[in-house]
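Undergrad: Enclosed is the structure file structure-v8.cif (mmCIF, N, CA and C atoms).
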```cif
data_protein
#
loop_
_atom_site.label_atom_id
_atom_site.label_comp_id
_atom_site.auth_asym_id
_atom_site.auth_seq_id
_atom_site.Cartn_x
_atom_site.Cartn_y
_atom_site.Cartn_z
N MET A 180 40.19 -65.33 20.27
CA MET A 180 39.25 -64.24 20.14
C MET A 180 37.98 -64.53 20.94
N PHE A 181 37.43 -65.75 20.83
CA PHE A 181 36.23 -66.12 21.59
C PHE A 181 36.48 -66.04 23.09
N ARG A 182 37.62 -66.52 23.52
CA ARG A 182 37.96 -66.49 24.94
C ARG A 182 38.03 -65.04 25.43
N SER A 183 38.61 -64.18 24.66
CA SER A 183 38.72 -62.77 25.02
C SER A 183 37.34 -62.14 25.18
N LEU A 184 36.45 -62.43 24.27
CA LEU A 184 35.09 -61.90 24.35
C LEU A 184 34.39 -62.44 25.59
N ALA A 185 34.53 -63.72 25.86
CA ALA A 185 33.91 -64.33 27.05
C ALA A 185 34.45 -63.68 28.32
N THR A 186 35.75 -63.44 28.34
CA THR A 186 36.36 -62.80 29.51
C THR A 186 35.79 -61.40 29.70
N ARG A 187 35.62 -60.68 28.60
CA ARG A 187 35.06 -59.33 28.69
C ARG A 187 33.61 -59.35 29.16
N VAL A 188 32.84 -60.32 28.73
CA VAL A 188 31.44 -60.44 29.14
C VAL A 188 31.37 -60.71 30.64
N VAL A 189 32.21 -61.61 31.14
CA VAL A 189 32.24 -61.91 32.57
C VAL A 189 32.63 -60.67 33.36
N ALA A 190 33.64 -59.95 32.90
CA ALA A 190 34.07 -58.73 33.59
C ALA A 190 32.96 -57.70 33.61
N ARG A 191 32.24 -57.56 32.51
CA ARG A 191 31.13 -56.59 32.43
C ARG A 191 30.02 -56.99 33.40
N LYS A 192 29.71 -58.28 33.50
CA LYS A 192 28.68 -58.74 34.42
C LYS A 192 29.07 -58.43 35.87
N LYS A 193 30.35 -58.59 36.19
CA LYS A 193 30.82 -58.28 37.55
C LYS A 193 30.68 -56.79 37.83
N THR A 194 31.00 -55.96 36.85
CA THR A 194 30.88 -54.51 37.01
C THR A 194 29.42 -54.12 37.22
N LEU A 195 28.54 -54.69 36.42
CA LEU A 195 27.12 -54.40 36.58
C LEU A 195 26.59 -54.88 37.93
N ALA A 196 27.04 -56.02 38.39
CA ALA A 196 26.62 -56.54 39.69
C ALA A 196 27.08 -55.62 40.82
N ALA A 197 28.31 -55.12 40.70
CA ALA A 197 28.82 -54.20 41.72
C ALA A 197 28.02 -52.91 41.72
N SER A 198 27.68 -52.41 40.55
CA SER A 198 26.87 -51.20 40.45
C SER A 198 25.50 -51.42 41.06
N ALA A 199 24.91 -52.58 40.80
CA ALA A 199 23.60 -52.89 41.35
C ALA A 199 23.66 -52.98 42.87
N ALA A 200 24.75 -53.50 43.41
CA ALA A 200 24.89 -53.61 44.87
C ALA A 200 24.89 -52.24 45.52
N VAL A 201 25.45 -51.24 44.86
CA VAL A 201 25.45 -49.90 45.41
C VAL A 201 24.04 -49.33 45.42
N LEU A 202 23.25 -49.68 44.41
CA LEU A 202 21.90 -49.14 44.30
C LEU A 202 20.85 -49.89 45.09
N LEU A 203 21.16 -51.09 45.53
CA LEU A 203 20.19 -51.89 46.26
C LEU A 203 20.56 -52.02 47.72
N GLY A 204 19.60 -51.77 48.57
CA GLY A 204 19.81 -51.95 50.00
C GLY A 204 19.62 -53.41 50.38
N ALA A 205 19.78 -53.71 51.65
CA ALA A 205 19.63 -55.09 52.12
C ALA A 205 18.22 -55.62 51.86
N SER A 206 17.25 -54.71 51.86
CA SER A 206 15.86 -55.14 51.62
C SER A 206 15.56 -55.32 50.15
N GLY A 207 16.52 -54.93 49.28
CA GLY A 207 16.27 -55.01 47.85
C GLY A 207 15.62 -53.76 47.31
N ALA A 208 15.36 -52.78 48.16
CA ALA A 208 14.76 -51.54 47.70
C ALA A 208 15.78 -50.72 46.94
N VAL A 209 15.32 -50.08 45.89
CA VAL A 209 16.21 -49.24 45.11
C VAL A 209 16.53 -47.99 45.90
N LEU A 210 17.83 -47.69 46.03
CA LEU A 210 18.25 -46.51 46.76
C LEU A 210 18.33 -45.32 45.83
N GLY A 211 17.97 -44.18 46.35
CA GLY A 211 18.16 -42.96 45.62
C GLY A 211 17.12 -42.68 44.55
N THR A 212 15.98 -43.30 44.60
CA THR A 212 14.94 -43.00 43.64
C THR A 212 13.98 -42.01 44.26
N THR A 213 13.25 -41.32 43.42
CA THR A 213 12.28 -40.37 43.92
C THR A 213 11.00 -41.10 44.26
N GLY A 214 10.14 -40.43 45.00
CA GLY A 214 8.86 -41.02 45.36
C GLY A 214 8.98 -41.92 46.57
N SER A 215 7.90 -42.60 46.89
CA SER A 215 7.87 -43.43 48.09
C SER A 215 8.19 -44.89 47.82
N ALA A 216 8.61 -45.23 46.59
CA ALA A 216 8.89 -46.62 46.26
C ALA A 216 10.07 -47.17 47.05
N SER A 217 11.00 -46.31 47.42
CA SER A 217 12.18 -46.76 48.13
C SER A 217 11.87 -46.96 49.61
N ALA A 218 12.22 -48.15 50.11
CA ALA A 218 11.99 -48.45 51.52
C ALA A 218 13.23 -48.11 52.35
N ALA A 219 14.31 -47.72 51.69
CA ALA A 219 15.55 -47.43 52.39
C ALA A 219 15.46 -46.09 53.11
N SER A 220 15.97 -46.06 54.33
CA SER A 220 16.01 -44.81 55.09
C SER A 220 17.17 -43.95 54.57
N PRO A 221 17.15 -42.66 54.85
CA PRO A 221 18.29 -41.83 54.48
C PRO A 221 19.62 -42.35 55.05
N GLN A 222 19.58 -42.89 56.27
CA GLN A 222 20.79 -43.44 56.87
C GLN A 222 21.31 -44.62 56.06
N GLU A 223 20.42 -45.49 55.62
CA GLU A 223 20.83 -46.65 54.81
C GLU A 223 21.42 -46.20 53.47
N ILE A 224 20.80 -45.19 52.89
CA ILE A 224 21.31 -44.65 51.64
C ILE A 224 22.70 -44.06 51.85
N ALA A 225 22.86 -43.30 52.93
CA ALA A 225 24.16 -42.67 53.22
C ALA A 225 25.25 -43.72 53.42
N LYS A 226 24.91 -44.83 54.04
CA LYS A 226 25.91 -45.88 54.25
C LYS A 226 26.41 -46.46 52.93
N GLN A 227 25.62 -46.35 51.88
CA GLN A 227 26.03 -46.82 50.56
C GLN A 227 26.86 -45.78 49.81
N ILE A 228 26.76 -44.51 50.21
CA ILE A 228 27.41 -43.42 49.48
C ILE A 228 28.64 -42.90 50.20
N VAL A 229 28.55 -42.73 51.50
CA VAL A 229 29.63 -42.13 52.29
C VAL A 229 30.64 -43.22 52.66
N PRO A 230 31.93 -42.96 52.48
CA PRO A 230 32.93 -43.96 52.89
C PRO A 230 32.75 -44.35 54.36
N ALA A 231 32.92 -45.62 54.65
CA ALA A 231 32.71 -46.13 56.01
C ALA A 231 33.52 -45.36 57.04
N SER A 232 34.74 -44.97 56.70
CA SER A 232 35.61 -44.26 57.64
C SER A 232 35.12 -42.84 57.92
N GLN A 233 34.18 -42.35 57.12
CA GLN A 233 33.66 -40.99 57.26
C GLN A 233 32.20 -40.96 57.72
N TYR A 234 31.56 -42.12 57.71
CA TYR A 234 30.12 -42.17 57.96
C TYR A 234 29.72 -41.63 59.34
N ALA A 235 30.42 -41.99 60.38
CA ALA A 235 30.03 -41.55 61.73
C ALA A 235 30.00 -40.04 61.82
N SER A 236 31.00 -39.39 61.27
CA SER A 236 31.05 -37.93 61.30
C SER A 236 29.94 -37.33 60.44
N PHE A 237 29.74 -37.88 59.25
CA PHE A 237 28.67 -37.41 58.37
C PHE A 237 27.33 -37.53 59.10
N SER A 238 27.11 -38.67 59.74
CA SER A 238 25.87 -38.93 60.44
C SER A 238 25.65 -37.95 61.59
N LYS A 239 26.70 -37.65 62.34
CA LYS A 239 26.58 -36.71 63.46
C LYS A 239 26.19 -35.32 62.96
N ILE A 240 26.79 -34.89 61.87
CA ILE A 240 26.45 -33.58 61.32
C ILE A 240 24.99 -33.56 60.87
N VAL A 241 24.57 -34.58 60.12
CA VAL A 241 23.20 -34.62 59.63
C VAL A 241 22.21 -34.72 60.79
N SER A 242 22.55 -35.48 61.81
CA SER A 242 21.67 -35.59 62.98
C SER A 242 21.47 -34.23 63.63
N HIS A 243 22.55 -33.48 63.78
CA HIS A 243 22.45 -32.14 64.39
C HIS A 243 21.74 -31.15 63.49
N GLU A 244 22.02 -31.21 62.19
CA GLU A 244 21.49 -30.22 61.26
C GLU A 244 20.01 -30.42 60.94
N SER A 245 19.60 -31.67 60.72
CA SER A 245 18.24 -31.91 60.23
C SER A 245 17.51 -33.06 60.90
N GLY A 246 18.20 -33.79 61.78
CA GLY A 246 17.58 -34.97 62.37
C GLY A 246 17.25 -36.03 61.32
N TRP A 247 18.01 -36.05 60.24
CA TRP A 247 17.84 -36.97 59.12
C TRP A 247 16.51 -36.76 58.39
N ASN A 248 15.97 -35.55 58.47
CA ASN A 248 14.75 -35.21 57.74
C ASN A 248 15.17 -34.51 56.45
N HIS A 249 14.97 -35.17 55.32
CA HIS A 249 15.42 -34.61 54.04
C HIS A 249 14.57 -33.43 53.58
N LYS A 250 13.48 -33.15 54.29
CA LYS A 250 12.65 -31.99 53.96
C LYS A 250 12.75 -30.89 55.03
N ALA A 251 13.73 -31.02 55.93
CA ALA A 251 13.90 -30.04 57.01
C ALA A 251 14.21 -28.67 56.42
N THR A 252 13.52 -27.67 56.94
CA THR A 252 13.73 -26.29 56.50
C THR A 252 13.94 -25.42 57.72
N ASN A 253 15.00 -24.63 57.71
CA ASN A 253 15.27 -23.68 58.79
C ASN A 253 14.39 -22.46 58.53
N SER A 254 13.47 -22.19 59.45
CA SER A 254 12.50 -21.11 59.25
C SER A 254 13.14 -19.73 59.21
N SER A 255 14.29 -19.56 59.84
CA SER A 255 14.90 -18.23 59.83
C SER A 255 15.86 -18.02 58.66
N SER A 256 16.62 -19.05 58.30
CA SER A 256 17.61 -18.87 57.23
C SER A 256 17.15 -19.41 55.89
N GLY A 257 16.24 -20.38 55.91
CA GLY A 257 15.81 -21.03 54.68
C GLY A 257 16.68 -22.21 54.29
N ALA A 258 17.70 -22.54 55.11
CA ALA A 258 18.54 -23.70 54.82
C ALA A 258 17.63 -24.93 54.69
N TYR A 259 18.02 -25.84 53.79
CA TYR A 259 17.12 -26.95 53.46
C TYR A 259 17.83 -28.29 53.41
N GLY A 260 17.11 -29.32 53.79
CA GLY A 260 17.54 -30.68 53.58
C GLY A 260 18.37 -31.28 54.69
N LEU A 261 18.89 -32.47 54.39
CA LEU A 261 19.67 -33.23 55.37
C LEU A 261 20.87 -32.46 55.87
N VAL A 262 21.56 -31.78 54.98
CA VAL A 262 22.80 -31.08 55.35
C VAL A 262 22.60 -29.58 55.48
N GLN A 263 21.33 -29.13 55.39
CA GLN A 263 20.97 -27.74 55.56
C GLN A 263 21.76 -26.81 54.63
N ALA A 264 21.65 -27.09 53.34
CA ALA A 264 22.29 -26.25 52.32
C ALA A 264 21.61 -24.89 52.29
N LEU A 265 22.40 -23.86 52.09
CA LEU A 265 21.88 -22.49 52.04
C LEU A 265 22.47 -21.77 50.84
N PRO A 266 21.68 -21.45 49.85
CA PRO A 266 20.28 -21.85 49.71
C PRO A 266 20.20 -23.32 49.30
N GLY A 267 19.06 -23.91 49.57
CA GLY A 267 18.87 -25.32 49.25
C GLY A 267 19.06 -25.62 47.78
N SER A 268 18.76 -24.66 46.94
CA SER A 268 18.86 -24.87 45.49
C SER A 268 20.27 -25.17 45.03
N LYS A 269 21.28 -24.93 45.88
CA LYS A 269 22.66 -25.30 45.52
C LYS A 269 22.76 -26.79 45.26
N MET A 270 21.90 -27.56 45.90
CA MET A 270 21.96 -29.02 45.74
C MET A 270 21.51 -29.48 44.36
N ALA A 271 20.94 -28.57 43.57
CA ALA A 271 20.54 -28.92 42.20
C ALA A 271 21.74 -29.36 41.37
N SER A 272 22.94 -28.96 41.78
CA SER A 272 24.14 -29.39 41.05
C SER A 272 24.35 -30.90 41.16
N ALA A 273 23.70 -31.53 42.14
CA ALA A 273 23.81 -32.98 42.32
C ALA A 273 22.62 -33.71 41.69
N GLY A 274 21.57 -32.97 41.35
CA GLY A 274 20.40 -33.60 40.73
C GLY A 274 19.18 -32.71 40.83
N ALA A 275 18.34 -32.78 39.81
CA ALA A 275 17.13 -31.97 39.77
C ALA A 275 16.13 -32.34 40.86
N ASP A 276 16.28 -33.52 41.44
CA ASP A 276 15.36 -34.00 42.47
C ASP A 276 15.84 -33.68 43.88
N TRP A 277 16.66 -32.66 44.02
CA TRP A 277 17.28 -32.32 45.31
C TRP A 277 16.27 -32.06 46.42
N LYS A 278 15.08 -31.59 46.11
CA LYS A 278 14.09 -31.29 47.15
C LYS A 278 13.51 -32.55 47.78
N THR A 279 13.49 -33.64 47.04
CA THR A 279 12.77 -34.83 47.49
C THR A 279 13.62 -36.09 47.62
N ASN A 280 14.84 -36.07 47.14
CA ASN A 280 15.65 -37.28 47.11
C ASN A 280 16.81 -37.22 48.10
N PRO A 281 16.73 -38.00 49.17
CA PRO A 281 17.83 -38.01 50.15
C PRO A 281 19.18 -38.36 49.52
N ALA A 282 19.21 -39.26 48.54
CA ALA A 282 20.48 -39.65 47.91
C ALA A 282 21.14 -38.46 47.24
N THR A 283 20.35 -37.64 46.58
CA THR A 283 20.90 -36.45 45.92
C THR A 283 21.48 -35.50 46.97
N GLN A 284 20.76 -35.32 48.06
CA GLN A 284 21.24 -34.44 49.14
C GLN A 284 22.51 -35.00 49.78
N ILE A 285 22.57 -36.30 49.96
CA ILE A 285 23.75 -36.93 50.56
C ILE A 285 24.95 -36.76 49.64
N LYS A 286 24.76 -37.00 48.35
CA LYS A 286 25.86 -36.83 47.40
C LYS A 286 26.37 -35.39 47.42
N TRP A 287 25.44 -34.44 47.41
CA TRP A 287 25.85 -33.03 47.44
C TRP A 287 26.56 -32.72 48.75
N GLY A 288 26.00 -33.18 49.87
CA GLY A 288 26.59 -32.90 51.18
C GLY A 288 27.98 -33.48 51.32
N LEU A 289 28.18 -34.69 50.84
CA LEU A 289 29.50 -35.32 50.90
C LEU A 289 30.50 -34.52 50.07
N LYS A 290 30.09 -34.11 48.88
CA LYS A 290 30.98 -33.30 48.03
C LYS A 290 31.31 -31.97 48.71
N TYR A 291 30.30 -31.34 49.30
CA TYR A 291 30.52 -30.08 50.01
C TYR A 291 31.52 -30.25 51.15
N MET A 292 31.32 -31.27 51.97
CA MET A 292 32.22 -31.50 53.10
C MET A 292 33.64 -31.79 52.63
N ASN A 293 33.77 -32.57 51.56
CA ASN A 293 35.09 -32.86 51.02
C ASN A 293 35.77 -31.61 50.46
N GLU A 294 35.01 -30.80 49.74
CA GLU A 294 35.60 -29.61 49.11
C GLU A 294 35.91 -28.51 50.13
N ARG A 295 35.02 -28.30 51.08
CA ARG A 295 35.22 -27.19 52.03
C ARG A 295 36.15 -27.55 53.19
N TYR A 296 36.03 -28.79 53.69
CA TYR A 296 36.78 -29.18 54.89
C TYR A 296 37.81 -30.28 54.66
N GLY A 297 37.72 -30.96 53.55
CA GLY A 297 38.63 -32.06 53.26
C GLY A 297 38.01 -33.42 53.46
N SER A 298 37.01 -33.50 54.33
CA SER A 298 36.32 -34.77 54.60
C SER A 298 35.19 -34.52 55.60
N PRO A 299 34.26 -35.46 55.71
CA PRO A 299 33.26 -35.35 56.77
C PRO A 299 33.88 -35.36 58.17
N ASN A 300 34.98 -36.11 58.37
CA ASN A 300 35.63 -36.11 59.68
C ASN A 300 36.13 -34.72 60.03
N ALA A 301 36.73 -34.03 59.07
CA ALA A 301 37.22 -32.67 59.32
C ALA A 301 36.05 -31.70 59.48
N ALA A 302 34.96 -31.92 58.75
CA ALA A 302 33.78 -31.07 58.90
C ALA A 302 33.18 -31.24 60.30
N TRP A 303 33.18 -32.48 60.80
CA TRP A 303 32.65 -32.72 62.16
C TRP A 303 33.55 -32.07 63.21
N ALA A 304 34.85 -32.12 63.03
CA ALA A 304 35.77 -31.45 63.96
C ALA A 304 35.49 -29.95 63.97
N PHE A 305 35.26 -29.37 62.80
CA PHE A 305 34.93 -27.95 62.72
C PHE A 305 33.60 -27.69 63.41
N TRP A 306 32.61 -28.55 63.18
CA TRP A 306 31.29 -28.38 63.80
C TRP A 306 31.41 -28.41 65.33
N GLN A 307 32.20 -29.33 65.84
CA GLN A 307 32.38 -29.43 67.28
C GLN A 307 33.01 -28.16 67.86
N ALA A 308 33.93 -27.58 67.13
CA ALA A 308 34.61 -26.38 67.61
C ALA A 308 33.75 -25.13 67.48
N ASN A 309 32.82 -25.12 66.52
CA ASN A 309 32.08 -23.89 66.20
C ASN A 309 30.56 -23.99 66.34
N GLY A 310 30.03 -25.19 66.44
CA GLY A 310 28.58 -25.36 66.56
C GLY A 310 27.87 -25.22 65.22
N TRP A 311 28.59 -25.15 64.15
CA TRP A 311 28.05 -25.10 62.79
C TRP A 311 29.14 -25.55 61.84
N TYR A 312 28.77 -25.76 60.60
CA TYR A 312 29.78 -26.10 59.61
C TYR A 312 29.48 -25.42 58.31
#
```
Please rewrite the model in this file as structure tokens.
TA:
Amino acid sequence: MFRSLATRVVARKKTLAASAAVLLGASGAVLGTTGSASAASPQEIAKQIVPASQYASFSKIVSHESGWNHKATNSSSGAYGLVQALPGSKMASAGADWKTNPATQIKWGLKYMNERYGSPNAAWAFWQANGWY
């Protein structure tokens, strides 16, 4: 019984460490928090959230759409954020801090690309063919 409990404690510590690794960047800054406390760039945050095999495509879309500015607003359409959601308030489904938190926008954008196109790679292929996604 004692051995089983010890094994479970070790397993729990490993799980917590893995979770912490996702939330901490190389600099030790907490990723995905609101405010200016986070030193991580949106690109660094995205690398922690977007699968490595999809990151290049995700990055190309965000570069074209917002230049990695999480407060980018399209003056004619009102599209907002890194992935230019229209309306921007759709991103509230990923978190109440959608206006200010790049991590929330990245999570929403990744889900959108997966649901609408199947993946960021497929979304980028569509963007290349149409000039939008």
Undergrad: Just checking: using only C-alpha atoms, which residue out of A:Met270, A:Gly257, A:Val262, A:His249 ends up closest to Tyr312 (chain A)?
TA: A:Val262
Undergrad: Could you tell me how far atom C of Trp287 (chain A) sits from CA of Pro299 (chain A), in Å to one decimal place?
TA: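 Computing the Euclidean distance for CA of Pro299 (chain A) and atom C of Trp287 (chain A) yields 10.8 Å.
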Undergrad: DSSP on the backbone: what in region 215-269 of chain A comes out alpha helix (DSSP H), as JSON, numbers by chain?
TA: {"A": [221, 222, 223, 224, 225, 226, 227, 228, 231, 232, 233, 234, 235, 236, 237, 238, 239, 240, 241, 242, 243, 244, 245]}
Undergrad: Starting from the shown file, work through the PyMOL selection byres ((chain A and resi 221-234) around 6.5) and note down what comes out as a CSV table (one decimal) with N, CA and C atoms, keeping the file's coordinate frame.
TA:
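Output file result.csv is given in full below:
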```csv
chain,number,residue,atom,x,y,z
A,201,VAL,N,25.4,-51.2,44.9
A,201,VAL,CA,25.4,-49.9,45.4
A,201,VAL,C,24.0,-49.3,45.4
A,210,LEU,N,17.8,-47.7,46.0
A,210,LEU,CA,18.2,-46.5,46.8
A,210,LEU,C,18.3,-45.3,45.8
A,211,GLY,N,18.0,-44.2,46.4
A,211,GLY,CA,18.2,-43.0,45.6
A,211,GLY,C,17.1,-42.7,44.6
A,219,ALA,N,14.3,-47.7,51.7
A,219,ALA,CA,15.6,-47.4,52.4
A,219,ALA,C,15.5,-46.1,53.1
A,220,SER,N,16.0,-46.1,54.3
A,220,SER,CA,16.0,-44.8,55.1
A,220,SER,C,17.2,-44.0,54.6
A,235,ALA,N,30.4,-42.0,60.4
A,235,ALA,CA,30.0,-41.6,61.7
A,235,ALA,C,30.0,-40.0,61.8
A,236,SER,N,31.0,-39.4,61.3
A,236,SER,CA,31.0,-37.9,61.3
A,236,SER,C,29.9,-37.3,60.4
A,237,PHE,N,29.7,-37.9,59.2
A,237,PHE,CA,28.7,-37.4,58.4
A,237,PHE,C,27.3,-37.5,59.1
A,238,SER,N,27.1,-38.7,59.7
A,238,SER,CA,25.9,-38.9,60.4
A,238,SER,C,25.6,-38.0,61.6
A,239,LYS,N,26.7,-37.6,62.3
A,239,LYS,CA,26.6,-36.7,63.5
A,239,LYS,C,26.2,-35.3,63.0
A,281,PRO,N,16.7,-38.0,49.2
A,281,PRO,CA,17.8,-38.0,50.2
A,281,PRO,C,19.2,-38.4,49.5
A,282,ALA,N,19.2,-39.3,48.5
A,282,ALA,CA,20.5,-39.6,47.9
A,282,ALA,C,21.1,-38.5,47.2
A,285,ILE,N,22.6,-36.3,50.0
A,285,ILE,CA,23.8,-36.9,50.6
A,285,ILE,C,25.0,-36.8,49.6
A,299,PRO,N,34.3,-35.5,55.7
A,299,PRO,CA,33.3,-35.4,56.8
A,299,PRO,C,33.9,-35.4,58.2
A,300,ASN,N,35.0,-36.1,58.4
A,300,ASN,CA,35.6,-36.1,59.7
A,300,ASN,C,36.1,-34.7,60.0
```
Undergrad: Pick from A:Ala275, A:Trp306, A:Ala264, A:Ser245: nearest to Gly288 (chain A), with only N, CA and C atoms counted?
TA: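 Smallest distance to Gly288 (chain A) is found for A:Ala264.
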Undergrad: To one decimal in Å, tell me the separation between atom C of Ala273 (chain A) and CA of Gln307 (chain A).
TA: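 Straight-line distance from atom C of Ala273 (chain A) to CA of Gln307 (chain A) works out to 27.7 Å.
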Undergrad: What does the distance from atom N of Lys286 (chain A) to atom C of Ala302 (chain A) come to in Å, to one decimal?
TA: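 The value is 15.7 Å.
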Undergrad: Counting only N, CA and C atoms, which of A:Pro266, A:Gly260, A:Trp311, A:Tyr291 gets nearest to Gly246 (chain A)?
TA: A:Gly260
Undergrad: Using only N, CA and C atoms, find the one residue out of A:Leu261, A:Met292, A:Asn280, A:Gly274 that sits nearest to Ile240 (chain A).
TA: A:Leu261
Undergrad: Nearest to Lys278 (chain A) among A:Trp247, A:Tyr259, A:Tyr296, A:Phe305, with distances taken over only C-alpha atoms: which residue is it?
TA: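 Checking each candidate against Lys278 (chain A), we get A:Tyr259 as the closest.
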Undergrad: What are the centre and edge lengths in Å, to one decimal, of the axis-aligned box around all listed atoms of region 237-245 of chain A with 3 Å added on each side, as AutoDock Vina command-line options?
TA:
```
--center_x 23.6 --center_y -34.6 --center_z 61.4 --size_x 18.2 --size_y 14.7 --size_z 12.0
```
Undergrad: Between A:Ser298, A:Gln263, A:Ser255, A:Gln284, which is the closest to His243 (chain A) once you count only C-alpha atoms?
TA: A:Gln263
Undergrad: Mind filling out region 276-283 of chain A with all heavy atoms and sending it as a JSON list (two decimals), in the coordinates of the input?
TA:
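Output file result_21.json is given in full below:
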```
[["chain", "number", "residue", "atom", "x", "y", "z"],
["A", 276, "ASP", "N", 16.28, -33.52, 41.44],
["A", 276, "ASP", "CA", 15.36, -34.00, 42.47],
["A", 276, "ASP", "C", 15.84, -33.68, 43.88],
["A", 276, "ASP", "O", 15.43, -34.31, 44.85],
["A", 276, "ASP", "CB", 15.15, -35.51, 42.32],
["A", 276, "ASP", "CG", 16.44, -36.31, 42.41],
["A", 276, "ASP", "OD1", 17.54, -35.69, 42.46],
["A", 276, "ASP", "OD2", 16.37, -37.55, 42.41],
["A", 277, "TRP", "N", 16.66, -32.66, 44.02],
["A", 277, "TRP", "CA", 17.28, -32.32, 45.31],
["A", 277, "TRP", "C", 16.27, -32.06, 46.42],
["A", 277, "TRP", "O", 16.58, -32.28, 47.59],
["A", 277, "TRP", "CB", 18.23, -31.13, 45.15],
["A", 277, "TRP", "CG", 17.54, -29.86, 44.74],
["A", 277, "TRP", "CD1", 17.31, -29.42, 43.46],
["A", 277, "TRP", "CD2", 17.01, -28.85, 45.60],
["A", 277, "TRP", "NE1", 16.66, -28.22, 43.48],
["A", 277, "TRP", "CE2", 16.47, -27.83, 44.78],
["A", 277, "TRP", "CE3", 16.93, -28.70, 46.99],
["A", 277, "TRP", "CZ2", 15.85, -26.70, 45.30],
["A", 277, "TRP", "CZ3", 16.32, -27.56, 47.50],
["A", 277, "TRP", "CH2", 15.80, -26.57, 46.66],
["A", 278, "LYS", "N", 15.08, -31.59, 46.11],
["A", 278, "LYS", "CA", 14.09, -31.29, 47.15],
["A", 278, "LYS", "C", 13.51, -32.55, 47.78],
["A", 278, "LYS", "O", 13.09, -32.52, 48.93],
["A", 278, "LYS", "CB", 12.94, -30.47, 46.59],
["A", 278, "LYS", "CG", 13.28, -29.04, 46.28],
["A", 278, "LYS", "CD", 12.04, -28.31, 45.79],
["A", 278, "LYS", "CE", 12.38, -26.89, 45.39],
["A", 278, "LYS", "NZ", 11.20, -26.19, 44.86],
["A", 279, "THR", "N", 13.49, -33.64, 47.04],
["A", 279, "THR", "CA", 12.77, -34.83, 47.49],
["A", 279, "THR", "C", 13.62, -36.09, 47.62],
["A", 279, "THR", "O", 13.15, -37.08, 48.18],
["A", 279, "THR", "CB", 11.63, -35.16, 46.50],
["A", 279, "THR", "OG1", 12.19, -35.36, 45.20],
["A", 279, "THR", "CG2", 10.61, -34.04, 46.46],
["A", 280, "ASN", "N", 14.84, -36.07, 47.14],
["A", 280, "ASN", "CA", 15.65, -37.28, 47.11],
["A", 280, "ASN", "C", 16.81, -37.22, 48.10],
["A", 280, "ASN", "O", 17.76, -36.48, 47.89],
["A", 280, "ASN", "CB", 16.18, -37.52, 45.69],
["A", 280, "ASN", "CG", 16.82, -38.87, 45.53],
["A", 280, "ASN", "OD1", 17.21, -39.52, 46.49],
["A", 280, "ASN", "ND2", 16.96, -39.30, 44.29],
["A", 281, "PRO", "N", 16.73, -38.00, 49.17],
["A", 281, "PRO", "CA", 17.83, -38.01, 50.15],
["A", 281, "PRO", "C", 19.18, -38.36, 49.52],
["A", 281, "PRO", "O", 20.21, -37.81, 49.91],
["A", 281, "PRO", "CB", 17.41, -39.06, 51.17],
["A", 281, "PRO", "CG", 15.94, -39.17, 51.03],
["A", 281, "PRO", "CD", 15.63, -38.88, 49.60],
["A", 282, "ALA", "N", 19.21, -39.26, 48.54],
["A", 282, "ALA", "CA", 20.48, -39.65, 47.91],
["A", 282, "ALA", "C", 21.14, -38.46, 47.24],
["A", 282, "ALA", "O", 22.36, -38.28, 47.34],
["A", 282, "ALA", "CB", 20.26, -40.78, 46.91],
["A", 283, "THR", "N", 20.35, -37.64, 46.58],
["A", 283, "THR", "CA", 20.90, -36.45, 45.92],
["A", 283, "THR", "C", 21.48, -35.50, 46.97],
["A", 283, "THR", "O", 22.57, -34.95, 46.80],
["A", 283, "THR", "CB", 19.81, -35.74, 45.10],
["A", 283, "THR", "OG1", 19.34, -36.66, 44.10],
["A", 283, "THR", "CG2", 20.32, -34.47, 44.43]]
```
